[in-house]
Each structure stands twice: as structure tokens, then as C-alpha cells.
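Asker: Sending over query22.cif (mmCIF, C-alpha atoms).
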data_target
loop_
_atom_site.label_atom_id
_atom_site.label_comp_id
_atom_site.auth_asym_id
_atom_site.auth_seq_id
_atom_site.Cartn_x
_atom_site.Cartn_y
_atom_site.Cartn_z
CA MET A 6 -9.52 21.13 5.73
CA THR A 7 -9.16 18.60 2.96
CA ALA A 8 -11.53 16.07 4.46
CA ALA A 9 -13.58 15.70 1.30
CA GLY A 10 -12.76 16.01 -2.36
CA PHE A 11 -9.63 15.46 -4.34
CA ALA A 12 -6.02 16.15 -3.53
CA LEU A 13 -5.02 15.97 -7.17
CA ARG A 14 -7.02 16.02 -10.37
CA THR A 15 -5.59 15.93 -13.85
CA ASP A 16 -7.56 16.12 -17.06
CA GLY A 17 -5.99 15.05 -20.35
CA VAL A 18 -2.54 16.02 -19.13
CA GLY A 19 0.42 15.57 -21.43
CA LYS A 20 4.00 16.71 -21.16
CA ARG A 21 6.28 16.95 -24.13
CA TYR A 22 10.03 17.40 -23.90
CA ARG A 23 12.31 17.97 -26.87
CA LYS A 24 12.81 14.22 -27.28
CA GLY A 25 9.11 13.41 -27.25
CA TRP A 26 6.13 12.85 -25.00
CA ALA A 27 6.93 11.86 -21.40
CA LEU A 28 3.29 11.73 -20.40
CA ARG A 29 0.09 11.46 -22.47
CA ASP A 30 -3.67 11.62 -21.86
CA CYS A 31 -3.28 11.45 -18.12
CA THR A 32 -6.65 11.78 -16.39
CA LEU A 33 -6.69 11.10 -12.66
CA ALA A 34 -8.79 11.93 -9.62
CA LEU A 35 -6.89 11.13 -6.43
CA PRO A 36 -8.85 11.37 -3.17
CA ALA A 37 -7.72 13.55 -0.29
CA GLY A 38 -6.77 11.95 2.99
CA GLY A 39 -5.16 8.78 1.68
CA VAL A 40 -1.81 7.37 0.76
CA ILE A 41 -1.37 7.05 -2.98
CA ALA A 42 1.39 5.08 -4.68
CA LEU A 43 2.56 5.88 -8.19
CA VAL A 44 4.16 2.78 -9.68
CA GLY A 45 5.95 2.25 -12.95
CA PRO A 46 9.26 1.22 -14.50
CA ASN A 47 12.09 3.70 -14.97
CA GLY A 48 11.24 6.19 -17.70
CA ALA A 49 7.48 5.66 -17.35
CA GLY A 50 6.88 9.34 -16.56
CA LYS A 51 6.55 9.17 -12.77
CA THR A 52 8.87 12.08 -12.00
CA THR A 53 7.24 14.16 -14.73
CA LEU A 54 3.79 13.55 -13.23
CA LEU A 55 4.96 14.43 -9.70
CA ARG A 56 6.68 17.60 -10.89
CA LEU A 57 3.49 18.61 -12.72
CA ALA A 58 1.54 17.98 -9.50
CA VAL A 59 3.66 20.36 -7.44
CA GLY A 60 3.82 23.07 -10.11
CA LEU A 61 7.52 22.64 -10.95
CA LEU A 62 6.54 21.85 -14.54
CA ALA A 63 3.74 23.22 -16.68
CA PRO A 64 1.72 20.70 -18.73
CA SER A 65 1.90 20.82 -22.55
CA THR A 66 -1.77 19.79 -22.71
CA GLY A 67 -4.61 19.50 -20.20
CA THR A 68 -5.05 20.85 -16.68
CA VAL A 69 -3.67 19.99 -13.26
CA GLU A 70 -5.69 20.84 -10.17
CA VAL A 71 -4.15 20.49 -6.72
CA LEU A 72 -6.25 20.85 -3.57
CA GLY A 73 -8.96 22.45 -5.68
CA HIS A 74 -6.71 25.02 -7.38
CA ASP A 75 -5.20 25.17 -10.86
CA VAL A 76 -1.56 24.59 -10.10
CA THR A 77 -0.19 26.59 -13.04
CA ALA A 78 -1.81 29.71 -11.58
CA SER A 79 -0.69 28.79 -8.09
CA THR A 80 -0.25 31.47 -5.48
CA PRO A 81 2.33 31.29 -2.67
CA HIS A 82 -0.57 30.34 -0.43
CA THR A 83 -1.41 27.24 -2.52
CA LEU A 84 2.24 26.31 -2.74
CA SER A 85 2.58 26.55 1.04
CA ARG A 86 0.07 23.70 1.30
CA ILE A 87 2.16 21.39 -0.89
CA GLY A 88 5.29 19.62 0.30
CA PHE A 89 7.72 18.07 -2.16
CA LEU A 90 10.61 15.76 -1.46
CA ALA A 91 12.68 15.26 -4.58
CA GLN A 92 14.63 12.11 -5.35
CA ASP A 93 17.86 11.63 -3.34
CA HIS A 94 16.66 13.93 -0.52
CA PRO A 95 18.47 17.14 -1.51
CA LEU A 96 20.06 19.01 1.40
CA TYR A 97 22.79 21.64 1.59
CA LYS A 98 25.60 19.31 2.62
CA ARG A 99 27.70 21.95 4.38
CA PHE A 100 24.77 23.25 6.46
CA THR A 101 24.27 21.84 9.91
CA VAL A 102 20.87 20.31 10.62
CA ALA A 103 19.97 23.43 12.67
CA GLU A 104 20.97 25.72 9.77
CA MET A 105 18.88 23.60 7.41
CA LEU A 106 15.87 24.10 9.70
CA ARG A 107 16.48 27.86 9.83
CA PHE A 108 16.66 27.87 6.04
CA GLY A 109 13.34 26.04 5.91
CA ARG A 110 11.74 28.55 8.25
CA ALA A 111 13.00 31.48 6.17
CA CYS A 112 11.71 30.05 2.89
CA ASN A 113 8.21 28.99 3.90
CA LEU A 114 5.04 30.80 4.91
CA ARG A 115 4.16 27.99 7.28
CA PHE A 116 6.99 26.22 9.08
CA ASP A 117 6.75 24.45 12.42
CA GLN A 118 10.39 24.36 13.51
CA GLY A 119 9.52 22.91 16.91
CA LEU A 120 7.82 19.97 15.25
CA ALA A 121 10.89 19.25 13.11
CA GLU A 122 13.21 19.52 16.14
CA ARG A 123 11.07 17.13 18.15
CA ARG A 124 10.97 14.59 15.31
CA LEU A 125 14.75 14.72 14.86
CA ALA A 126 15.40 14.49 18.61
CA LYS A 127 13.19 11.40 18.77
CA LEU A 128 15.34 9.82 16.04
CA GLY A 129 18.56 10.83 17.83
CA ILE A 130 19.79 13.05 14.98
CA PRO A 131 22.04 15.84 16.41
CA LEU A 132 21.20 19.37 15.28
CA ASP A 133 24.83 20.51 15.23
CA ARG A 134 26.06 17.99 12.65
CA ARG A 135 26.64 18.99 9.04
CA THR A 136 24.01 17.22 6.93
CA GLY A 137 26.71 15.88 4.57
CA THR A 138 28.22 13.82 7.42
CA LEU A 139 24.95 12.04 8.28
CA SER A 140 24.12 8.55 7.02
CA GLY A 141 21.83 8.18 4.02
CA GLY A 142 18.93 7.18 6.24
CA GLN A 143 19.47 10.16 8.55
CA GLN A 144 19.68 12.56 5.59
CA ALA A 145 16.37 11.17 4.34
CA GLN A 146 14.87 11.72 7.81
CA VAL A 147 16.11 15.35 7.91
CA ALA A 148 14.62 16.00 4.47
CA LEU A 149 11.33 14.39 5.55
CA ALA A 150 11.25 16.41 8.79
CA LEU A 151 11.74 19.60 6.74
CA ALA A 152 8.90 18.66 4.38
CA LEU A 153 6.56 17.75 7.27
CA ALA A 154 7.39 20.96 9.14
CA LYS A 155 5.47 22.83 6.43
CA ARG A 156 2.44 20.93 7.69
CA PRO A 157 1.44 20.34 4.05
CA ASP A 158 -2.02 19.19 3.00
CA LEU A 159 -0.41 17.30 0.13
CA LEU A 160 3.02 15.74 0.48
CA VAL A 161 4.61 14.50 -2.74
CA LEU A 162 7.67 12.26 -2.55
CA ASP A 163 9.71 11.08 -5.53
CA GLU A 164 11.19 7.61 -4.90
CA PRO A 165 11.67 8.40 -1.20
CA VAL A 166 13.10 5.03 -0.16
CA ALA A 167 14.84 3.88 -3.36
CA SER A 168 18.34 4.70 -2.11
CA LEU A 169 17.85 3.46 1.47
CA ASP A 170 18.82 0.15 3.06
CA PRO A 171 15.94 -2.02 4.38
CA LEU A 172 16.20 -0.78 7.98
CA ALA A 173 16.38 2.91 7.00
CA ARG A 174 13.49 2.28 4.59
CA HIS A 175 11.37 0.85 7.38
CA GLU A 176 12.24 3.74 9.72
CA PHE A 177 11.38 6.26 7.00
CA MET A 178 7.98 4.65 6.39
CA GLN A 179 7.35 4.51 10.16
CA VAL A 180 7.75 8.29 10.39
CA LEU A 181 5.78 8.93 7.21
CA MET A 182 2.84 6.72 8.24
CA GLY A 183 2.96 8.24 11.74
CA ALA A 184 2.54 11.68 10.14
CA VAL A 185 -0.47 10.42 8.18
CA ALA A 186 -1.97 9.09 11.43
CA GLU A 187 -1.48 12.48 13.10
CA GLY A 188 -3.10 14.76 10.58
CA ASP A 189 -4.94 15.51 7.41
CA VAL A 190 -2.05 15.04 5.03
CA THR A 191 -2.51 13.28 1.69
CA VAL A 192 0.64 11.45 0.61
CA LEU A 193 1.52 10.78 -3.02
CA PHE A 194 4.75 8.89 -3.59
CA SER A 195 6.41 7.10 -6.46
CA SER A 196 8.08 3.76 -6.06
CA HIS A 197 9.24 0.72 -7.89
CA VAL A 198 9.23 -1.44 -4.76
CA VAL A 199 6.03 -3.35 -5.42
CA HIS A 200 5.87 -5.83 -2.56
CA GLU A 201 5.53 -3.26 0.23
CA LEU A 202 2.70 -1.30 -1.35
CA GLU A 203 -0.20 -3.09 0.28
CA ARG A 204 0.83 -2.18 3.83
CA VAL A 205 1.22 1.53 3.12
CA CYS A 206 -1.24 2.57 0.39
CA ASP A 207 -4.96 3.03 -0.11
CA HIS A 208 -4.81 4.06 -3.72
CA LEU A 209 -2.74 3.05 -6.70
CA VAL A 210 -1.69 4.57 -10.00
CA VAL A 211 0.23 2.41 -12.48
CA LEU A 212 2.09 4.32 -15.15
CA ASN A 213 3.65 2.66 -18.18
CA GLN A 214 5.32 4.33 -21.15
CA GLY A 215 3.83 7.69 -20.29
CA ARG A 216 0.27 6.45 -19.89
CA VAL A 217 -1.88 5.54 -16.91
CA THR A 218 -2.74 1.85 -17.26
CA LEU A 219 -4.47 1.29 -13.92
CA THR A 220 -5.80 3.58 -11.20
CA GLY A 221 -8.13 3.09 -8.28
CA ASP A 222 -8.73 2.28 -4.65
CA ILE A 223 -6.70 -0.84 -3.80
CA ASP A 224 -9.53 -2.75 -2.08
CA THR A 225 -11.79 -2.08 -5.08
CA LEU A 226 -9.12 -3.13 -7.58
CA LEU A 227 -8.46 -6.37 -5.70
CA ALA A 228 -12.20 -7.10 -5.55
CA GLU A 229 -12.63 -6.45 -9.30
CA HIS A 230 -9.81 -8.72 -10.44
CA ARG A 231 -9.69 -12.51 -10.31
CA VAL A 232 -7.29 -15.22 -11.35
CA LEU A 233 -8.99 -17.99 -13.31
CA VAL A 234 -7.21 -21.30 -13.80
CA GLY A 235 -8.58 -23.96 -16.11
CA PRO A 236 -7.91 -26.36 -18.97
CA ARG A 237 -5.98 -24.90 -21.86
CA THR A 238 -8.25 -22.94 -24.11
CA SER A 239 -8.39 -19.84 -26.20
CA THR A 240 -12.13 -19.85 -26.78
CA ASP A 241 -15.18 -19.88 -24.50
CA LEU A 242 -13.92 -16.90 -22.55
CA ASP A 243 -16.96 -14.68 -23.26
CA ARG A 244 -17.90 -14.57 -19.60
CA ALA A 245 -14.40 -13.89 -18.39
CA GLY A 246 -14.71 -10.11 -18.62
CA THR A 247 -11.64 -8.15 -19.67
CA VAL A 248 -8.63 -10.42 -19.88
CA VAL A 249 -5.69 -8.50 -18.49
CA GLU A 250 -3.20 -11.27 -18.95
CA ALA A 251 -3.38 -14.82 -20.28
CA VAL A 252 -0.66 -17.40 -19.74
CA HIS A 253 -0.95 -20.77 -21.48
CA SER A 254 1.02 -23.87 -20.64
CA ASP A 255 0.65 -27.28 -22.31
CA ARG A 256 -2.46 -28.27 -20.42
CA HIS A 257 -3.82 -25.27 -18.64
CA THR A 258 -4.53 -21.62 -18.98
CA THR A 259 -4.18 -18.95 -16.30
CA LEU A 260 -6.10 -15.74 -16.80
CA LEU A 261 -6.09 -12.49 -14.88
CA VAL A 262 -9.49 -10.93 -15.55
CA ARG A 263 -11.35 -7.80 -14.55
CA ASP A 264 -15.10 -7.88 -13.82
CA GLY A 265 -15.35 -11.45 -15.06
CA ALA A 266 -17.31 -14.56 -14.13
CA ILE A 267 -15.89 -18.03 -14.29
CA PRO A 268 -16.17 -19.63 -17.77
CA ALA A 269 -19.02 -22.10 -18.22
CA ALA A 270 -16.69 -24.95 -19.19
CA PRO A 271 -15.94 -27.48 -16.44
CA GLY A 272 -12.63 -27.53 -14.61
CA TRP A 273 -12.26 -23.79 -13.99
CA GLN A 274 -11.25 -22.43 -10.60
CA THR A 275 -11.23 -18.87 -9.41
CA GLN A 276 -8.79 -17.29 -6.96
CA PRO A 277 -8.26 -13.81 -5.60
CA VAL A 278 -5.23 -11.98 -6.97
CA ALA A 279 -2.41 -10.64 -4.82
CA LEU A 280 -1.67 -6.94 -5.22
CA GLU A 281 1.91 -7.56 -6.32
CA ASP A 282 0.78 -9.93 -9.09
CA LEU A 283 -1.88 -7.46 -10.19
CA VAL A 284 0.63 -4.63 -10.46
CA LEU A 285 3.17 -6.79 -12.29
CA ALA A 286 0.54 -7.92 -14.80
CA TYR A 287 -0.33 -4.31 -15.63
CA LEU A 288 3.35 -3.38 -15.83
CA ARG A 289 3.95 -6.18 -18.34
CA ARG A 290 1.00 -5.07 -20.38
CA PRO A 291 1.58 -2.79 -23.38
CA SER A 292 0.15 0.65 -22.81
CA GLU A 293 -2.19 0.58 -25.85
CA PRO A 294 -5.70 0.26 -24.46
CA GLY A 295 -7.49 -3.02 -25.03
CA ALA A 296 -4.49 -5.13 -25.92
CA ALA A 297 -4.03 -8.29 -23.92
CA VAL A 298 -0.76 -10.17 -23.72
CA ALA A 299 -0.68 -13.83 -24.54
CA ALA A 300 2.49 -15.43 -23.27
CA GLU A 301 3.45 -18.96 -24.17
CA VAL A 302 5.04 -20.83 -21.31
CA ALA A 303 6.49 -24.27 -21.86
CA SER A 304 5.88 -26.60 -18.96
CA MET B 19 0.74 -4.82 25.41
CA PHE B 20 -0.35 -6.85 22.40
CA VAL B 21 2.11 -6.75 19.50
CA PHE B 22 0.93 -7.11 15.92
CA ARG B 23 2.97 -8.71 13.15
CA LEU B 24 2.66 -8.35 9.40
CA ASP B 25 3.54 -10.89 6.74
CA THR B 26 3.79 -9.12 3.40
CA HIS B 27 4.11 -12.36 1.45
CA SER B 28 1.09 -14.22 2.81
CA GLY B 29 -1.40 -12.82 0.30
CA VAL B 30 -3.81 -12.08 3.16
CA PRO B 31 -4.83 -8.39 3.16
CA PRO B 32 -2.99 -6.52 5.96
CA TYR B 33 -6.17 -5.40 7.77
CA LEU B 34 -7.38 -9.00 7.86
CA GLN B 35 -4.05 -10.20 9.26
CA LEU B 36 -4.51 -7.80 12.20
CA VAL B 37 -8.07 -9.01 12.81
CA GLN B 38 -7.01 -12.65 12.61
CA GLN B 39 -4.17 -12.12 15.09
CA VAL B 40 -6.53 -10.69 17.69
CA ARG B 41 -9.15 -13.37 17.02
CA GLN B 42 -6.52 -16.08 17.41
CA ALA B 43 -5.00 -14.53 20.54
CA VAL B 44 -8.46 -14.37 22.14
CA LEU B 45 -9.12 -17.96 21.12
CA LEU B 46 -5.86 -19.13 22.65
CA GLY B 47 -6.29 -16.99 25.75
CA PHE B 48 -3.29 -14.70 25.10
CA LEU B 49 -5.73 -11.80 25.09
CA GLN B 50 -8.40 -11.65 27.76
CA ALA B 51 -11.46 -9.53 28.36
CA GLY B 52 -10.47 -6.02 29.41
CA ASP B 53 -6.99 -6.12 27.86
CA ARG B 54 -6.19 -2.93 25.99
CA LEU B 55 -5.06 -3.04 22.35
CA PRO B 56 -2.36 -0.58 21.25
CA LEU B 57 -3.53 2.79 19.91
CA ILE B 58 -3.89 3.01 16.14
CA ARG B 59 -0.95 5.38 16.03
CA GLU B 60 1.22 2.98 18.01
CA VAL B 61 0.48 0.16 15.56
CA VAL B 62 1.15 2.50 12.62
CA GLU B 63 4.52 3.62 13.94
CA ASP B 64 5.50 0.13 14.96
CA LEU B 65 4.68 -1.66 11.69
CA ALA B 66 5.14 1.28 9.27
CA ILE B 67 1.63 0.60 8.04
CA ASN B 68 -1.12 2.80 6.61
CA PRO B 69 -3.31 4.25 9.42
CA ASN B 70 -6.46 3.62 7.38
CA THR B 71 -5.61 -0.10 7.34
CA VAL B 72 -5.34 -0.23 11.13
CA ALA B 73 -8.53 1.81 11.53
CA LYS B 74 -10.31 -0.61 9.19
CA ALA B 75 -9.10 -3.61 11.22
CA TYR B 76 -10.26 -2.00 14.48
CA ARG B 77 -13.66 -1.17 12.94
CA GLN B 78 -14.06 -4.75 11.79
CA MET B 79 -13.14 -6.09 15.24
CA GLU B 80 -15.69 -3.75 16.82
CA GLN B 81 -18.35 -4.97 14.38
CA GLU B 82 -17.53 -8.55 15.30
CA ASN B 83 -17.82 -7.49 18.94
CA LEU B 84 -14.32 -8.77 19.51
CA VAL B 85 -13.27 -5.43 20.99
CA THR B 86 -14.95 -2.28 22.24
CA GLY B 87 -13.66 1.23 21.65
CA ARG B 88 -13.99 3.60 24.60
CA PRO B 89 -13.53 7.20 23.49
CA GLY B 90 -10.48 8.78 25.10
CA GLN B 91 -9.38 5.54 26.73
CA GLY B 92 -8.59 3.08 23.98
CA THR B 93 -9.78 -0.20 22.54
CA PHE B 94 -10.44 -3.12 24.87
CA VAL B 95 -11.05 -6.82 24.38
CA THR B 96 -14.71 -7.63 24.92
CA GLU B 97 -16.00 -10.32 27.25
CA GLN B 98 -16.41 -13.35 24.99
CA ARG B 99 -19.53 -15.37 25.71
CA SER B 100 -19.10 -18.39 23.51
CA ALA B 101 -16.31 -17.44 21.15
CA ALA B 102 -13.57 -18.69 23.42
CA MET B 103 -13.21 -22.33 22.58
CA PRO B 104 -13.31 -24.90 25.38
CA ALA B 105 -9.80 -26.22 25.96
CA SER B 106 -10.95 -29.77 25.25
CA THR B 107 -12.25 -28.83 21.78
CA TYR B 108 -9.01 -27.06 21.00
CA THR B 109 -6.91 -30.04 22.15
CA SER B 110 -9.02 -32.45 20.13
CA LEU B 111 -8.75 -30.38 16.91
CA HIS B 112 -5.03 -29.96 17.48
CA ARG B 113 -4.56 -33.70 17.99
CA GLY B 114 -6.59 -34.52 14.87
CA LEU B 115 -4.39 -32.26 12.77
CA VAL B 116 -1.17 -33.75 14.19
CA THR B 117 -2.44 -37.24 13.35
CA TRP B 118 -3.26 -36.12 9.82
CA LEU B 119 0.16 -34.48 9.40
CA ARG B 120 1.96 -37.64 10.57
CA ARG B 121 0.08 -39.66 7.96
CA ALA B 122 0.83 -37.09 5.24
CA TYR B 123 4.57 -37.08 5.97
CA ALA B 124 4.61 -40.88 6.33
CA ALA B 125 3.01 -41.07 2.88
CA GLY B 126 5.98 -39.13 1.51
CA LEU B 127 4.57 -35.61 1.12
CA ASP B 128 7.01 -32.77 1.74
CA GLU B 129 6.23 -29.48 3.51
CA GLN B 130 5.21 -27.60 0.34
CA SER B 131 2.93 -30.41 -0.81
CA VAL B 132 1.26 -30.50 2.63
CA ASP B 133 0.66 -26.74 2.48
CA ALA B 134 -0.62 -26.95 -1.10
CA LEU B 135 -2.95 -29.83 -0.28
CA PHE B 136 -4.34 -28.09 2.79
CA ALA B 137 -4.84 -24.82 0.88
CA SER B 138 -6.53 -26.59 -2.00
CA VAL B 139 -8.92 -28.57 0.24
CA HIS B 140 -9.63 -25.48 2.33
CA GLN B 141 -10.44 -23.47 -0.82
CA GLN B 142 -12.69 -26.25 -2.09
CA ALA B 143 -14.47 -26.47 1.29
CA LYS B 144 -15.05 -22.72 1.25
CA ASN B 145 -16.48 -22.90 -2.28
CA GLU B 146 -18.84 -25.64 -1.10
CA GLY B 147 -19.88 -23.56 1.88
CA VAL B 148 -18.35 -25.77 4.55
CA ALA B 149 -16.02 -23.16 5.98
#
Kindly return the structure encoded in the file as C-alpha cells.

Answerer:
Amino acid sequence: MTAAGFALRTDGVGKRYRKGWALRDCTLALPAGGVIALVGPNGAGKTTLLRLAVGLLAPSTGTVEVLGHDVTASTPHTLSRIGFLAQDHPLYKRFTVAEMLRFGRACNLRFDQGLAERRLAKLGIPLDRRTGTLSGGQQAQVALALALAKRPDLLVLDEPVASLDPLARHEFMQVLMGAVAEGDVTVLFSSHVVHELERVCDHLVVLNQGRVTLTGDIDTLLAEHRVLVGPRTSTDLDRAGTVVEAVHSDRHTTLLVRDGAIPAAPGWQTQPVALEDLVLAYLRRPSEPGAAVAAEVAS
Amino acid sequence: MFVFRLDTHSGVPPYLQLVQQVRQAVLLGFLQAGDRLPLIREVVEDLAINPNTVAKAYRQMEQENLVTGRPGQGTFVTEQRSAAMPASTYTSLHRGLVTWLRRAYAAGLDEQSVDALFASVHQQAKNEGVA
């Protein structure tokens, strides 16, 4: 179904609210069939981008294409292929779980109620309980089961695990990754939990102050970036490629570079970069293109 | 059934951690020829890990001829001709490392310094093509 091609493509997308631009010049091509993480600090524009992707918002500039269709002209058929789980897992709190499932069936063209019931039974969540009386982790699981029952080709989740305790978070990701293993679903989720990204994602988008500062396949990004450590210097870095971040202490300099070779000067060592450090470096970086941060660290 | 672990702070890519665990288990005899590895989906649901990562690890292990995938049946540990280390070699390497560690601690290094020294020498050896 979506074996080849892109799950989401945006071209020059911007979104302006009354108070200003929430998102600018956003051009992305996210492959189908993977798990994509959208990372950025609060207020970076993550929710805006996700809402644009599912057609809940219309862009002020540019175009958004989901599963090969312009999402602003989306038909009920296109929408039936997209699942969206908003922040805080909204449920009707006075509905029982069974009533919530019936509601889902009534509101969707495609809805596999049996699948949802099996998932919830496996997790030991009773169908006759009101959703408001379930634990936070169980409410998240009900909301996820509802979204997966649509059998979406693209599932978009806004901060799905932010409000969950570590155990509930792990259980939620177990079910989500299990769903990816079962079928052709592309998952796009936002998060500010950086250290768990590597185990769950193939693809990364870093958003900062309304702009995309880094995007790509994680293996490729890790292969392109290097940490160089050497004697303190601010010159002779011609070979070092694009310096993403430079930290100087009294005697040595640590550089995070993209597409760079080791400087010719003696005493330089090169190391691979960990994903978490890579993401943090881009988050610290100002969003203006081409500007590198030079931080002075006393040692 | 073999159980995988995942250390998110080790800096080693997750797929490589899975490969290394199988390689090590075969080396130490915890996994033997004909043993079945868990299905990709079982690993995914157990570790809450991306299925593509597990698939990549299994592909790599097949390429290394560490395991063989049999369609419809699962993935099985391959008969190892020479990869399995003779017990005497293993004991000798182990003993050498213990001796080295005793000397390092006797010289006053703490645990972090030992790890840092080993990592640094290992990195240097790799750069020089030894490892």
C-alpha cells in the first residue's frame, strides 16, 4: 500500500497565528514505512506541524502532502487513512471503554473493533469500566487502541508518552512498536524525551524556534557527524567540514562536525557521536542557518 | 528462548548490541547450533524497540553466517566451524585480563579510570588496525 514513497511531504510550509509565525520554511520528505521522531523544545512548533500533517490546520504558506494527497483538499477517504492521537489522550471520561469503541466505529469509515478489543483484553483493560476511572497508562492504551483500530497508513501522535510514568511509557511503546511490526503503518510522533529515540526511530526531525534544523535517516546522520577533539585552536579547521558546535576549554577544543575530515594539525582524535549528543547540539544551536555556537568552558 | 537486552546509555547502536549479544552467547556456549532466536515481533514487543532495528540485526547476523533464517520456521543459530573459541583460549584471555586489572587497581586506578584507559587503548588499537 504505502511500501514506497513518502508518508508526508511539506514544501515551504509556514503557519502564522495572530501572535506571529509558529512555523517557517518547513520543507520535509518523510519516508513511508518507518518510525519518525519530531524533536524540539516546548514552543518549537511541533504540535503545529503535526496538526498541519493531519489536516486539522491549514498552512499559511506552502503545501502539505500526506500519503500522496494534498491534505487541505482531503477527502473522507484520505482522512480514514490517517490516525491522530492528540496530547493527553483525549477520551470521553464518562463513556465506558466499550462505548468508546462503539463511538469509534460510528465515526470512522474503517474501524476494526475486534482488533481493539483483542488488544485491550491482552492488556487486561476491562471494557465495562468508565474511561475516566482508568489509570493514566490505561487511558493512553485505550486511546492508542482506538487510533490503531482505524488501521491507519499514517499514525501521528503528539507527545504520546510525556504524561506517563516510566513503566506505562515502556508498555505504550511496546504496543506501538508491535503495531509497526505487524503492518504497513508509518508512525510520526513528537517527543522531548531524547535518550529513548535511538531504540524506536529510523528517522529524525529536529525543530527549533519554528524551523527545521536537522532532518534525515538516523544511521545516515550518525555516519555524517563526528566529534573531533584536539588542542585548543580556532584556526586550521578548513578540513573540518561544517562545524555544528565548538566547545573550547583552556587546552583543548571539542568540535561536532558534519561531513568533515580530521584537521591536519597533530594531536586530533575523531570519535563517533551519540544520537543524544547530536540532537542536543542541534537543539542548542540558533535556528539561523550557518551560525555555529562557540561556547567558552572554563576547566 | 534467548532474551535480548538493550542498554540505551552505552553509545553502541541498538542493532549492533543485538548482534554482539548473540555473537557473545555463541562464543560462550549459551547459544548452540540449532537454537531458535525469538521472532522479530517477539523482540520488538519485549524491548519496545523499532522493528526495522531488529530486522537489521537479524540481516547482519545472517550475513555473518551466525544464524540462518528458515522461512515460516524462524531464525536458527548456525553450526559454527571455527568461530567458537576453544575453552583454553578463552580461559587464557580471561586470566590475562584479570592479571592486568589487578595491576591497574594495585597501581591506584579507580573503576572509571580503568574503563577510560581500556576504551582509549582499544580506540587507538582500532585506529592502528590491530582490532

Asker: On this structure, which residues satisfy the PyMOL selection byres ((chain A and resi 87-95) around 7), written as a PyMOL selection string?

Answerer: chain A and resi 59+84-86+96-97+144-145+148+152+155+157-165

Asker: Using only C-alpha atoms, I'd like every residue of chain A that has an atom within 10 Å of chain B; please write them out as a VMD selection string.

Answerer: chain A and resid 38 to 40 174 to 187 200 to 207 224 227 274 to 281

Asker: Grab the atom CA of Asp117 of chain A to atom CA of Thr136 of chain A distance for me, in Å with one decimal place.

Answerer: 19.5 Å

Asker: Enumerate, as a list of chain:residue names, the residues matched when the PyMOL selection byres ((chain A and resi 118) around 9) is run on the file above.

Answerer: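 Those residues are A:Leu106, A:Arg107, A:Gly109, A:Arg110, A:Phe116, A:Asp117, A:Gly119, A:Leu120, A:Ala121, A:Glu122, A:Arg123, A:Leu151, A:Ala154, A:Lys155.
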
Asker: Restricting the output to C-alpha atoms, write the selected residues as a tab-separated table (two decimals), keeping the file's coordinate frame.

Answerer:
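Everything below was put into result_39.tsv:
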chain	number	residue	atom	x	y	z
A	106	LEU	CA	15.87	24.10	9.70
A	107	ARG	CA	16.48	27.86	9.83
A	109	GLY	CA	13.34	26.04	5.91
A	110	ARG	CA	11.74	28.55	8.25
A	116	PHE	CA	6.99	26.22	9.08
A	117	ASP	CA	6.75	24.45	12.42
A	119	GLY	CA	9.52	22.91	16.91
A	120	LEU	CA	7.82	19.97	15.25
A	121	ALA	CA	10.89	19.25	13.11
A	122	GLU	CA	13.21	19.52	16.14
A	123	ARG	CA	11.07	17.13	18.15
A	151	LEU	CA	11.74	19.60	6.74
A	154	ALA	CA	7.39	20.96	9.14
A	155	LYS	CA	5.47	22.83	6.43

Asker: Rounded to one decimal place, report the atom CA of Gly48 of chain A-atom CA of Gly67 of chain A distance in Å.

Answerer: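 Interatomic distance, atom CA of Gly48 of chain A to atom CA of Gly67 of chain A: 20.8 Å.
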
Asker: Just give me the gap between atom CA of Ala63 of chain A and atom CA of Thr77 of chain A in Å, one decimal is fine.

Answerer: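 We find that atom CA of Ala63 of chain A and atom CA of Thr77 of chain A lie 6.3 Å from each other.
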
Asker: In terms of the shortest atom-to-atom distance over all atoms listed in the file, which of A:Lys24, A:Arg256, A:Arg290, A:Arg56 is closest to Val211 of chain A?

Answerer: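 Answer, going by the shortest atom-to-atom distance: A:Arg290.
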
Asker: Please identify all polymer residues within 7 Å of Ala42 of chain A, counting only C-alpha atoms, omitting same-chain residues fewer than 3 positions from it, and present them as a list in words.

Answerer: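 Close residues of Ala42 of chain A: Leu193, Phe194, Ser195, Ser196, Cys206, His208, Leu209 and Val210 of chain A.
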
Asker: Pick out the closest residue to Leu55 of chain A from this set: A:Thr225, A:Pro271, A:Leu13, A:Ala37. Count only C-alpha atoms.

Answerer: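 For Leu55 of chain A, the nearest of the candidates is A:Leu13.
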
Asker: For segment 71-77 of chain B, take all atoms listed in the file, fit an axis-aligned box around them, add 8 Å to each of the six sides, then output centre and edge lengths in Å rounded to one decimal, as AutoDock Vina command-line options.

Answerer:
--center_x -9.5 --center_y -0.9 --center_z 10.9 --size_x 24.3 --size_y 21.4 --size_z 23.1

Asker: For Thr238 of chain A, which of A:Thr101, A:Ser168, A:Gln143, A:Thr259 is the closest residue, counting all atoms listed in the file?

Answerer: A:Thr259

Asker: Pick the closest to Gln98 of chain B from B:Leu84, B:Ala125, B:Ala137, B:Val40: which is it, counting all atoms listed in the file?

Answerer: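 Between B:Leu84, B:Ala125, B:Ala137, B:Val40, the residue approaching Gln98 of chain B most closely is B:Leu84.
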
Asker: Name the residues captured by the PyMOL selection byres ((chain B and resi 76) around 9) when it is applied to the shown file; answer as a list of chain:residue names.

Answerer: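 Given this file, the PyMOL selection byres ((chain B and resi 76) around 9) evaluates to B:Tyr33, B:Leu36, B:Val37, B:Ile58, B:Thr71, B:Val72, B:Ala73, B:Lys74, B:Ala75, B:Arg77, B:Gln78, B:Met79, B:Glu80, B:Gln81, B:Val85, B:Gly87, B:Thr93.
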
Asker: Mind listing whatever residues come within 10 Å of the point (-13.8, -8.1, -13.7)? Use all atoms listed in the file, file coordinates, and give them as a list in words.

Answerer: Leu226, Leu227, Ala228, Glu229, His230, Arg231, Val232, Arg244, Ala245, Gly246, Thr247, Val248, Val249, Leu261, Val262, Arg263, Asp264, Gly265 and Ala266 of chain A

Asker: Between B:Val21, B:Gly47, B:Asn83, B:Leu119, single out the one closest to Asp133 of chain B, counting all atoms listed in the file.

Answerer: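 Smallest separation from Asp133 of chain B among the options: B:Leu119.
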